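In what follows, a single structure is set out as structure tokens and then discussed.
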Amino acid sequence: MSITIFCIVILAALLHAVWNSIVKGGENKALNMTGVVLGHVPIALLFLLFVPSPAPESWPYIASGLFFHTGYQLFLLQSYRMGDLTQVYPIARGTAPLLVAIVSVLFLGVVLKPMDQLAILVIAIGILSLTLVRQQDGLRNVNAAWFAFLTGCFIAAYSLNDGTGARLAGTAIGFYAWLGIGNAIVWVILMGIINPNTLRLLPKQGKRVFFIGGSASFIAYTLVIWAFTQAPIALVTALRETSIIFALLIGTFFLREQLNVTKVFSTMVTLLGAILMRFSK
């Protein structure tokens, strides 16, 4: 991986942690998530003026991406309703490279080196230790950990799906622009059914998250999906999880979440696993 791709993925990791903290930090998390998802549309439309349309071979991946991204957003939303950013985020993000590696071995014919196997083990230890994190009332938040893990499953699914689709599309930006617009349409329909008040509140109370959170989210994943076309998907996915460190810092210093030894240990172990996977290639 070149230094240019490396730095771009690190920037994407920072932007990703920022928009997640915006969703988690607000009282109305459904409104915040809606603002982020719909905030993709203006910048996506702008990009479409300058990039070609994705090749027809990638259209099935855009369709399946709508399911994976919507599922990810729903489970992430529920996770943040239950648990802290500094618990939910590392589990969700740490699960992704673990599952991507497993799927690559079982279905894509990838042979893992000993360093890869060690990385998977380390990530698993980090994730499992985060289920032991206690809430401020002293109770363990197993439900938040479980929903965060399921969120990670969707992250792994859309990473594999979008990485393949972007390569077939011939334009990473065009691929994600159409996916982002489609995702917004699906989300509006979904919110209109389960929580229509959220859509009514967005113009008055969601402008900040719409413009800042939506732009940060779109740019972050556009950079990642471009990196998918330049380097192995498993490698990019693992490196992107350096966002765990950014989330730990933001959650502690800006959201005033309680920092304890378990969170620090678990986050560092999970990150170490991602680093080991990075240098095993």
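By convention in this document, the chains of the structure tokens carry letters A, B, ... by their order, each chain's residues are numbered from 1, and ligands are numbered from 1 in the order they are shown.
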Legend entry - Within 12 Å of Ala55 in chain A using only C-alpha atoms, minus same-chain residues under 4 positions, as a PyMOL selection string: chain A and resi 51+59-62+165-172+174-175+178
What would the file look like if the residues just selected were written as a compact mmCIF listing (two decimals), in the first residue's frame with N, CA and C atoms?
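Now in part-v9.txt:
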```
# COMPACT_ATOMS: atom_id res chain seq x y z
N VAL A 51 -18.49 12.91 -12.90
CA VAL A 51 -17.99 11.54 -13.04
C VAL A 51 -18.92 10.75 -13.95
N TRP A 59 -24.42 -2.63 -11.25
CA TRP A 59 -25.76 -2.29 -10.75
C TRP A 59 -26.29 -3.28 -9.71
N PRO A 60 -26.10 -4.59 -9.89
CA PRO A 60 -26.55 -5.51 -8.83
C PRO A 60 -25.88 -5.23 -7.48
N TYR A 61 -24.65 -4.75 -7.51
CA TYR A 61 -23.95 -4.45 -6.26
C TYR A 61 -24.48 -3.16 -5.62
N ILE A 62 -24.96 -2.24 -6.45
CA ILE A 62 -25.62 -1.06 -5.91
C ILE A 62 -26.91 -1.48 -5.21
N GLY A 165 -18.11 -4.07 -6.27
CA GLY A 165 -18.95 -3.26 -7.15
C GLY A 165 -18.23 -2.06 -7.72
N ALA A 166 -17.43 -1.38 -6.90
CA ALA A 166 -16.71 -0.20 -7.36
C ALA A 166 -15.70 -0.55 -8.44
N ARG A 167 -15.07 -1.71 -8.31
CA ARG A 167 -14.11 -2.13 -9.34
C ARG A 167 -14.81 -2.42 -10.65
N LEU A 168 -15.98 -3.04 -10.58
CA LEU A 168 -16.74 -3.34 -11.79
C LEU A 168 -17.33 -2.07 -12.40
N ALA A 169 -17.62 -1.09 -11.54
CA ALA A 169 -18.26 0.15 -12.01
C ALA A 169 -17.34 0.99 -12.87
N GLY A 170 -16.04 0.90 -12.61
CA GLY A 170 -15.09 1.73 -13.34
C GLY A 170 -15.01 3.15 -12.81
N THR A 171 -15.80 3.46 -11.81
CA THR A 171 -15.79 4.78 -11.17
C THR A 171 -16.24 4.62 -9.72
N ALA A 172 -15.30 4.72 -8.80
CA ALA A 172 -15.63 4.54 -7.39
C ALA A 172 -16.58 5.62 -6.90
N GLY A 174 -18.68 7.53 -8.76
CA GLY A 174 -19.98 7.36 -9.39
C GLY A 174 -20.77 6.23 -8.75
N PHE A 175 -20.09 5.14 -8.42
CA PHE A 175 -20.74 4.00 -7.79
C PHE A 175 -21.36 4.40 -6.45
N TRP A 178 -24.42 7.05 -6.63
CA TRP A 178 -25.72 6.44 -6.90
C TRP A 178 -26.19 5.61 -5.71
```
Legend entry - Å distance separating CA of Gly25 in chain A from CA of Gly180 in chain A, one decimal place: 23.2 Å
Inset, instruction - Show which residues sit within 9 Å of range 217-226 of chain A, as a PyMOL selection string. Count only C-alpha atoms, and ignore same-chain residues fewer than 2 positions away. - result: chain A and resi 8-9+11-16+18-20+36-37+39-41+43-44+159+162-163+166-167+171-173+175-177+180+212-215+228-230+236-237+240
Legend entry - Residue nearest Gly71 in chain A - candidates A:Ile245, A:Met268, A:Ala238, A:Cys153, atoms counted: only C-alpha atoms: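 For Gly71 in chain A, the nearest of the candidates is A:Cys153.
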I need the residues in range 86-272 of chain A that are helix (DSSP H, G or I) according to DSSP; give them as a compact mmCIF listing (two decimals) with N, CA and C atoms, in the first residue's frame.
```txt
# COMPACT_ATOMS: atom_id res chain seq x y z
N THR A 86 -17.69 4.74 23.04
CA THR A 86 -16.42 4.09 23.30
C THR A 86 -16.56 2.58 23.54
N GLN A 87 -17.79 2.07 23.59
CA GLN A 87 -18.01 0.62 23.63
C GLN A 87 -18.50 0.13 22.28
N VAL A 88 -19.55 0.79 21.77
CA VAL A 88 -20.20 0.34 20.53
C VAL A 88 -19.25 0.43 19.34
N TYR A 89 -18.58 1.57 19.20
CA TYR A 89 -17.77 1.81 18.00
C TYR A 89 -16.64 0.78 17.83
N PRO A 90 -15.85 0.51 18.88
CA PRO A 90 -14.77 -0.48 18.69
C PRO A 90 -15.28 -1.87 18.35
N ILE A 91 -16.41 -2.28 18.93
CA ILE A 91 -16.95 -3.61 18.61
C ILE A 91 -17.39 -3.66 17.15
N ALA A 92 -18.15 -2.65 16.73
CA ALA A 92 -18.66 -2.64 15.36
C ALA A 92 -17.51 -2.59 14.35
N ARG A 93 -16.56 -1.69 14.57
CA ARG A 93 -15.47 -1.55 13.63
C ARG A 93 -14.48 -2.70 13.72
N GLY A 94 -14.27 -3.23 14.92
CA GLY A 94 -13.34 -4.35 15.07
C GLY A 94 -13.86 -5.65 14.49
N THR A 95 -15.18 -5.78 14.46
CA THR A 95 -15.78 -6.99 13.89
C THR A 95 -15.54 -7.08 12.39
N ALA A 96 -15.56 -5.93 11.71
CA ALA A 96 -15.53 -5.92 10.25
C ALA A 96 -14.29 -6.60 9.65
N PRO A 97 -13.05 -6.20 10.03
CA PRO A 97 -11.89 -6.88 9.42
C PRO A 97 -11.82 -8.35 9.78
N LEU A 98 -12.34 -8.69 10.94
CA LEU A 98 -12.37 -10.09 11.36
C LEU A 98 -13.24 -10.90 10.40
N LEU A 99 -14.44 -10.43 10.12
CA LEU A 99 -15.37 -11.16 9.25
C LEU A 99 -14.92 -11.12 7.79
N VAL A 100 -14.36 -9.98 7.37
CA VAL A 100 -13.87 -9.90 5.99
C VAL A 100 -12.77 -10.94 5.76
N ALA A 101 -11.90 -11.09 6.73
CA ALA A 101 -10.83 -12.08 6.61
C ALA A 101 -11.39 -13.50 6.56
N ILE A 102 -12.37 -13.80 7.41
CA ILE A 102 -12.97 -15.14 7.45
C ILE A 102 -13.67 -15.46 6.13
N VAL A 103 -14.46 -14.51 5.63
CA VAL A 103 -15.16 -14.72 4.37
C VAL A 103 -14.17 -14.89 3.22
N SER A 104 -13.10 -14.11 3.26
CA SER A 104 -12.09 -14.21 2.21
C SER A 104 -11.48 -15.61 2.15
N VAL A 105 -11.30 -16.22 3.32
CA VAL A 105 -10.73 -17.56 3.38
C VAL A 105 -11.74 -18.62 2.95
N LEU A 106 -12.95 -18.53 3.46
CA LEU A 106 -13.95 -19.57 3.24
C LEU A 106 -14.54 -19.54 1.83
N PHE A 107 -14.69 -18.34 1.25
CA PHE A 107 -15.42 -18.24 0.00
C PHE A 107 -14.63 -17.64 -1.16
N PRO A 114 0.48 -16.90 8.84
CA PRO A 114 0.44 -16.95 10.32
C PRO A 114 0.15 -15.60 10.96
N MET A 115 0.68 -14.50 10.39
CA MET A 115 0.42 -13.18 10.94
C MET A 115 -1.06 -12.81 10.82
N ASP A 116 -1.68 -13.23 9.71
CA ASP A 116 -3.11 -12.99 9.55
C ASP A 116 -3.91 -13.70 10.64
N GLN A 117 -3.55 -14.95 10.90
CA GLN A 117 -4.24 -15.73 11.91
C GLN A 117 -4.09 -15.10 13.30
N LEU A 118 -2.89 -14.61 13.59
CA LEU A 118 -2.66 -13.94 14.87
C LEU A 118 -3.51 -12.67 14.97
N ALA A 119 -3.59 -11.92 13.88
CA ALA A 119 -4.38 -10.69 13.87
C ALA A 119 -5.84 -10.97 14.16
N ILE A 120 -6.38 -12.01 13.56
CA ILE A 120 -7.78 -12.39 13.78
C ILE A 120 -8.01 -12.74 15.25
N LEU A 121 -7.10 -13.50 15.82
CA LEU A 121 -7.21 -13.89 17.22
C LEU A 121 -7.18 -12.66 18.14
N VAL A 122 -6.27 -11.73 17.86
CA VAL A 122 -6.14 -10.53 18.68
C VAL A 122 -7.41 -9.68 18.60
N ILE A 123 -7.94 -9.50 17.38
CA ILE A 123 -9.18 -8.73 17.21
C ILE A 123 -10.33 -9.39 17.97
N ALA A 124 -10.42 -10.71 17.89
CA ALA A 124 -11.48 -11.42 18.60
C ALA A 124 -11.39 -11.20 20.11
N ILE A 125 -10.18 -11.21 20.65
CA ILE A 125 -9.99 -10.97 22.09
C ILE A 125 -10.44 -9.55 22.45
N GLY A 126 -10.07 -8.59 21.61
CA GLY A 126 -10.46 -7.21 21.86
C GLY A 126 -11.96 -7.02 21.86
N ILE A 127 -12.63 -7.63 20.89
CA ILE A 127 -14.08 -7.52 20.79
C ILE A 127 -14.78 -8.17 21.97
N LEU A 128 -14.36 -9.38 22.31
CA LEU A 128 -15.00 -10.10 23.41
C LEU A 128 -14.80 -9.38 24.74
N SER A 129 -13.64 -8.75 24.93
CA SER A 129 -13.40 -8.05 26.19
C SER A 129 -14.29 -6.83 26.34
N LEU A 130 -14.73 -6.24 25.22
CA LEU A 130 -15.60 -5.08 25.29
C LEU A 130 -17.01 -5.43 25.77
N VAL A 142 -24.60 -5.91 27.80
CA VAL A 142 -24.43 -6.98 26.81
C VAL A 142 -25.27 -6.72 25.57
N ASN A 143 -26.44 -6.12 25.74
CA ASN A 143 -27.30 -5.86 24.59
C ASN A 143 -26.64 -4.89 23.61
N ALA A 144 -26.00 -3.85 24.15
CA ALA A 144 -25.29 -2.90 23.29
C ALA A 144 -24.17 -3.61 22.53
N ALA A 145 -23.46 -4.48 23.22
CA ALA A 145 -22.37 -5.23 22.59
C ALA A 145 -22.90 -6.13 21.48
N TRP A 146 -24.03 -6.76 21.70
CA TRP A 146 -24.61 -7.66 20.72
C TRP A 146 -25.05 -6.89 19.47
N PHE A 147 -25.73 -5.75 19.66
CA PHE A 147 -26.16 -4.96 18.52
C PHE A 147 -24.96 -4.37 17.78
N ALA A 148 -23.91 -4.02 18.52
CA ALA A 148 -22.70 -3.51 17.88
C ALA A 148 -22.04 -4.59 17.02
N PHE A 149 -22.06 -5.82 17.51
CA PHE A 149 -21.51 -6.93 16.73
C PHE A 149 -22.30 -7.13 15.43
N LEU A 150 -23.62 -7.08 15.52
CA LEU A 150 -24.45 -7.22 14.32
C LEU A 150 -24.21 -6.07 13.35
N THR A 151 -23.97 -4.88 13.90
CA THR A 151 -23.60 -3.74 13.06
C THR A 151 -22.31 -4.04 12.29
N GLY A 152 -21.35 -4.65 13.00
CA GLY A 152 -20.09 -5.03 12.37
C GLY A 152 -20.29 -6.03 11.24
N CYS A 153 -21.27 -6.90 11.38
CA CYS A 153 -21.57 -7.87 10.31
C CYS A 153 -22.01 -7.14 9.04
N PHE A 154 -22.83 -6.12 9.21
CA PHE A 154 -23.25 -5.33 8.05
C PHE A 154 -22.09 -4.55 7.45
N ILE A 155 -21.19 -4.06 8.31
CA ILE A 155 -20.01 -3.35 7.80
C ILE A 155 -19.17 -4.27 6.92
N ALA A 156 -18.95 -5.50 7.40
CA ALA A 156 -18.18 -6.47 6.62
C ALA A 156 -18.87 -6.77 5.30
N ALA A 157 -20.20 -6.91 5.35
CA ALA A 157 -20.96 -7.24 4.14
C ALA A 157 -20.87 -6.12 3.10
N TYR A 158 -21.09 -4.87 3.55
CA TYR A 158 -21.05 -3.80 2.54
C TYR A 158 -19.62 -3.52 2.07
N SER A 159 -18.61 -3.81 2.90
CA SER A 159 -17.23 -3.62 2.47
C SER A 159 -16.89 -4.55 1.32
N LEU A 160 -17.23 -5.82 1.46
CA LEU A 160 -16.98 -6.79 0.40
C LEU A 160 -17.81 -6.49 -0.84
N ASN A 161 -19.08 -6.15 -0.61
CA ASN A 161 -19.99 -5.84 -1.72
C ASN A 161 -19.52 -4.61 -2.49
N ASP A 162 -19.24 -3.53 -1.78
CA ASP A 162 -18.92 -2.26 -2.44
C ASP A 162 -17.53 -2.28 -3.06
N GLY A 163 -16.61 -2.98 -2.43
CA GLY A 163 -15.28 -3.08 -3.01
C GLY A 163 -15.31 -3.75 -4.37
N THR A 164 -16.09 -4.82 -4.47
CA THR A 164 -16.24 -5.52 -5.75
C THR A 164 -17.02 -4.67 -6.75
N GLY A 165 -18.11 -4.07 -6.27
CA GLY A 165 -18.95 -3.26 -7.15
C GLY A 165 -18.23 -2.06 -7.72
N ALA A 166 -17.43 -1.38 -6.90
CA ALA A 166 -16.71 -0.20 -7.36
C ALA A 166 -15.70 -0.55 -8.44
N ARG A 167 -15.07 -1.71 -8.31
CA ARG A 167 -14.11 -2.13 -9.34
C ARG A 167 -14.81 -2.42 -10.65
N LEU A 168 -15.98 -3.04 -10.58
CA LEU A 168 -16.74 -3.34 -11.79
C LEU A 168 -17.33 -2.07 -12.40
N ALA A 169 -17.62 -1.09 -11.54
CA ALA A 169 -18.26 0.15 -12.01
C ALA A 169 -17.34 0.99 -12.87
N ALA A 172 -15.30 4.72 -8.80
CA ALA A 172 -15.63 4.54 -7.39
C ALA A 172 -16.58 5.62 -6.90
N ILE A 173 -16.34 6.87 -7.34
CA ILE A 173 -17.19 7.98 -6.90
C ILE A 173 -18.59 7.85 -7.48
N GLY A 174 -18.68 7.53 -8.76
CA GLY A 174 -19.98 7.36 -9.39
C GLY A 174 -20.77 6.23 -8.75
N PHE A 175 -20.09 5.14 -8.42
CA PHE A 175 -20.74 4.00 -7.79
C PHE A 175 -21.36 4.40 -6.45
N TYR A 176 -20.56 5.08 -5.61
CA TYR A 176 -21.08 5.42 -4.29
C TYR A 176 -22.07 6.58 -4.33
N ALA A 177 -21.95 7.46 -5.32
CA ALA A 177 -22.91 8.55 -5.45
C ALA A 177 -24.31 7.99 -5.70
N TRP A 178 -24.42 7.05 -6.63
CA TRP A 178 -25.72 6.44 -6.90
C TRP A 178 -26.19 5.61 -5.71
N LEU A 179 -25.25 4.92 -5.06
CA LEU A 179 -25.61 4.14 -3.88
C LEU A 179 -26.10 5.05 -2.76
N GLY A 180 -25.42 6.18 -2.56
CA GLY A 180 -25.82 7.12 -1.52
C GLY A 180 -27.20 7.70 -1.76
N ILE A 181 -27.50 8.04 -3.00
CA ILE A 181 -28.82 8.58 -3.33
C ILE A 181 -29.90 7.53 -3.11
N GLY A 182 -29.62 6.31 -3.57
CA GLY A 182 -30.58 5.22 -3.36
C GLY A 182 -30.80 4.92 -1.89
N ASN A 183 -29.72 4.95 -1.12
CA ASN A 183 -29.80 4.72 0.32
C ASN A 183 -30.69 5.77 0.98
N ALA A 184 -30.55 7.03 0.55
CA ALA A 184 -31.37 8.11 1.11
C ALA A 184 -32.85 7.90 0.80
N ILE A 185 -33.15 7.45 -0.41
CA ILE A 185 -34.55 7.19 -0.79
C ILE A 185 -35.14 6.08 0.06
N VAL A 186 -34.39 5.00 0.22
CA VAL A 186 -34.86 3.89 1.06
C VAL A 186 -35.07 4.35 2.50
N TRP A 187 -34.15 5.17 3.00
CA TRP A 187 -34.24 5.64 4.39
C TRP A 187 -35.47 6.53 4.61
N VAL A 188 -35.76 7.40 3.63
CA VAL A 188 -36.94 8.27 3.73
C VAL A 188 -38.21 7.42 3.79
N ILE A 189 -38.29 6.42 2.93
CA ILE A 189 -39.46 5.53 2.94
C ILE A 189 -39.59 4.82 4.28
N LEU A 190 -38.46 4.33 4.79
CA LEU A 190 -38.45 3.60 6.05
C LEU A 190 -38.86 4.50 7.21
N MET A 191 -38.28 5.69 7.28
CA MET A 191 -38.63 6.62 8.36
C MET A 191 -40.07 7.10 8.23
N GLY A 192 -40.55 7.23 6.99
CA GLY A 192 -41.93 7.64 6.79
C GLY A 192 -42.91 6.62 7.34
N ILE A 193 -42.47 5.37 7.42
CA ILE A 193 -43.34 4.31 7.94
C ILE A 193 -43.20 4.17 9.45
N ILE A 194 -41.97 4.14 9.95
CA ILE A 194 -41.77 3.83 11.37
C ILE A 194 -41.62 5.06 12.26
N PRO A 196 -42.34 8.95 11.19
CA PRO A 196 -42.52 10.10 10.28
C PRO A 196 -42.20 11.44 10.92
N ASN A 197 -42.28 11.54 12.23
CA ASN A 197 -41.98 12.80 12.90
C ASN A 197 -40.53 13.23 12.69
N THR A 198 -39.65 12.24 12.50
CA THR A 198 -38.24 12.52 12.27
C THR A 198 -38.05 13.36 11.01
N LEU A 199 -38.76 13.02 9.95
CA LEU A 199 -38.64 13.75 8.69
C LEU A 199 -39.18 15.17 8.83
N ARG A 200 -40.20 15.36 9.65
CA ARG A 200 -40.75 16.70 9.85
C ARG A 200 -39.81 17.58 10.66
N LEU A 201 -39.06 16.98 11.57
CA LEU A 201 -38.15 17.74 12.42
C LEU A 201 -36.85 18.12 11.71
N LEU A 202 -36.48 17.36 10.68
CA LEU A 202 -35.17 17.54 10.06
C LEU A 202 -34.90 18.97 9.57
N PRO A 203 -35.83 19.63 8.85
CA PRO A 203 -35.53 20.99 8.36
C PRO A 203 -35.27 22.00 9.48
N LYS A 204 -35.86 21.80 10.66
CA LYS A 204 -35.72 22.76 11.75
C LYS A 204 -34.57 22.41 12.69
N GLN A 205 -34.44 21.13 13.01
CA GLN A 205 -33.50 20.73 14.05
C GLN A 205 -32.30 19.94 13.54
N LYS A 207 -30.32 20.61 10.63
CA LYS A 207 -29.50 21.23 9.59
C LYS A 207 -28.00 20.98 9.81
N ARG A 208 -27.57 21.08 11.06
CA ARG A 208 -26.14 20.92 11.36
C ARG A 208 -25.66 19.52 11.00
N VAL A 209 -26.39 18.52 11.43
CA VAL A 209 -25.97 17.15 11.16
C VAL A 209 -26.14 16.82 9.68
N PHE A 210 -27.12 17.46 9.02
CA PHE A 210 -27.35 17.25 7.59
C PHE A 210 -26.12 17.68 6.80
N PHE A 211 -25.65 18.88 7.07
CA PHE A 211 -24.54 19.42 6.28
C PHE A 211 -23.18 18.89 6.76
N ILE A 212 -22.93 18.92 8.06
CA ILE A 212 -21.62 18.51 8.57
C ILE A 212 -21.50 16.99 8.62
N GLY A 213 -22.46 16.35 9.28
CA GLY A 213 -22.41 14.89 9.40
C GLY A 213 -22.56 14.19 8.06
N GLY A 214 -23.50 14.67 7.24
CA GLY A 214 -23.71 14.06 5.93
C GLY A 214 -22.50 14.18 5.03
N SER A 215 -21.89 15.36 5.02
CA SER A 215 -20.69 15.57 4.18
C SER A 215 -19.52 14.72 4.67
N ALA A 216 -19.31 14.71 6.00
CA ALA A 216 -18.21 13.91 6.56
C ALA A 216 -18.40 12.43 6.25
N SER A 217 -19.63 11.94 6.38
CA SER A 217 -19.91 10.54 6.11
C SER A 217 -19.68 10.19 4.65
N PHE A 218 -20.20 11.03 3.75
CA PHE A 218 -20.07 10.73 2.33
C PHE A 218 -18.62 10.77 1.88
N ILE A 219 -17.90 11.80 2.29
CA ILE A 219 -16.50 11.93 1.89
C ILE A 219 -15.67 10.79 2.47
N ALA A 220 -15.94 10.43 3.74
CA ALA A 220 -15.18 9.36 4.38
C ALA A 220 -15.31 8.05 3.60
N TYR A 221 -16.54 7.69 3.25
CA TYR A 221 -16.70 6.40 2.58
C TYR A 221 -16.33 6.47 1.11
N THR A 222 -16.44 7.64 0.50
CA THR A 222 -15.97 7.79 -0.87
C THR A 222 -14.46 7.53 -0.95
N LEU A 223 -13.73 8.05 0.03
CA LEU A 223 -12.28 7.82 0.08
C LEU A 223 -11.99 6.33 0.28
N VAL A 224 -12.76 5.68 1.14
CA VAL A 224 -12.54 4.25 1.40
C VAL A 224 -12.86 3.42 0.17
N ILE A 225 -13.97 3.73 -0.47
CA ILE A 225 -14.38 2.91 -1.62
C ILE A 225 -13.41 3.11 -2.79
N TRP A 226 -12.82 4.31 -2.88
CA TRP A 226 -11.75 4.51 -3.87
C TRP A 226 -10.55 3.65 -3.51
N ALA A 227 -10.20 3.61 -2.23
CA ALA A 227 -9.07 2.80 -1.78
C ALA A 227 -9.31 1.32 -2.05
N PHE A 228 -10.58 0.89 -1.98
CA PHE A 228 -10.91 -0.50 -2.30
C PHE A 228 -10.48 -0.87 -3.72
N ILE A 233 -9.22 -5.37 -0.41
CA ILE A 233 -10.32 -4.92 0.44
C ILE A 233 -10.04 -5.21 1.91
N ALA A 234 -9.51 -6.40 2.22
CA ALA A 234 -9.23 -6.76 3.60
C ALA A 234 -8.20 -5.82 4.22
N LEU A 235 -7.23 -5.40 3.42
CA LEU A 235 -6.18 -4.50 3.90
C LEU A 235 -6.74 -3.12 4.21
N VAL A 236 -7.55 -2.59 3.30
CA VAL A 236 -8.16 -1.28 3.51
C VAL A 236 -9.11 -1.31 4.71
N THR A 237 -9.90 -2.37 4.81
CA THR A 237 -10.85 -2.50 5.92
C THR A 237 -10.12 -2.51 7.25
N ALA A 238 -9.02 -3.23 7.32
CA ALA A 238 -8.27 -3.30 8.58
C ALA A 238 -7.66 -1.95 8.94
N LEU A 239 -7.06 -1.27 7.96
CA LEU A 239 -6.43 0.01 8.23
C LEU A 239 -7.46 1.06 8.64
N ARG A 240 -8.64 0.98 8.04
CA ARG A 240 -9.69 1.96 8.36
C ARG A 240 -10.08 1.91 9.83
N SER A 243 -9.86 4.22 13.10
CA SER A 243 -10.90 5.13 13.58
C SER A 243 -11.30 4.81 15.01
N ILE A 244 -10.99 3.61 15.48
CA ILE A 244 -11.28 3.23 16.86
C ILE A 244 -10.59 4.18 17.84
N ILE A 245 -9.36 4.55 17.53
CA ILE A 245 -8.62 5.48 18.40
C ILE A 245 -9.28 6.85 18.40
N PHE A 246 -9.66 7.34 17.23
CA PHE A 246 -10.33 8.63 17.14
C PHE A 246 -11.64 8.61 17.93
N ALA A 247 -12.38 7.51 17.84
CA ALA A 247 -13.65 7.40 18.55
C ALA A 247 -13.43 7.40 20.06
N LEU A 248 -12.38 6.73 20.50
CA LEU A 248 -12.07 6.70 21.94
C LEU A 248 -11.78 8.11 22.45
N LEU A 249 -10.99 8.88 21.70
CA LEU A 249 -10.64 10.24 22.11
C LEU A 249 -11.86 11.16 22.08
N ILE A 250 -12.66 11.06 21.02
CA ILE A 250 -13.85 11.92 20.91
C ILE A 250 -14.85 11.58 22.01
N GLY A 251 -15.09 10.28 22.22
CA GLY A 251 -16.04 9.87 23.24
C GLY A 251 -15.64 10.32 24.63
N THR A 252 -14.35 10.31 24.91
CA THR A 252 -13.86 10.66 26.24
C THR A 252 -13.83 12.17 26.46
N PHE A 253 -13.27 12.92 25.49
CA PHE A 253 -13.03 14.34 25.71
C PHE A 253 -14.17 15.25 25.26
N VAL A 261 -10.21 1.27 32.39
CA VAL A 261 -9.12 0.42 31.94
C VAL A 261 -9.59 -0.58 30.89
N THR A 262 -10.80 -1.12 31.09
CA THR A 262 -11.32 -2.12 30.15
C THR A 262 -11.48 -1.53 28.76
N LYS A 263 -12.04 -0.33 28.65
CA LYS A 263 -12.24 0.30 27.35
C LYS A 263 -10.91 0.56 26.65
N VAL A 264 -9.96 1.09 27.42
CA VAL A 264 -8.64 1.37 26.84
C VAL A 264 -7.97 0.09 26.38
N PHE A 265 -7.98 -0.93 27.24
CA PHE A 265 -7.35 -2.21 26.89
C PHE A 265 -8.00 -2.82 25.66
N SER A 266 -9.33 -2.88 25.67
CA SER A 266 -10.06 -3.51 24.57
C SER A 266 -9.84 -2.77 23.26
N THR A 267 -9.87 -1.44 23.32
CA THR A 267 -9.68 -0.65 22.11
C THR A 267 -8.27 -0.84 21.55
N MET A 268 -7.29 -0.82 22.43
CA MET A 268 -5.90 -0.98 21.99
C MET A 268 -5.64 -2.38 21.43
N VAL A 269 -6.23 -3.38 22.05
CA VAL A 269 -6.05 -4.75 21.56
C VAL A 269 -6.70 -4.91 20.19
N THR A 270 -7.92 -4.38 20.04
CA THR A 270 -8.59 -4.46 18.75
C THR A 270 -7.81 -3.74 17.67
N LEU A 271 -7.29 -2.56 18.01
CA LEU A 271 -6.47 -1.81 17.06
C LEU A 271 -5.19 -2.56 16.73
N LEU A 272 -4.59 -3.19 17.71
CA LEU A 272 -3.38 -3.96 17.47
C LEU A 272 -3.65 -5.07 16.46
```
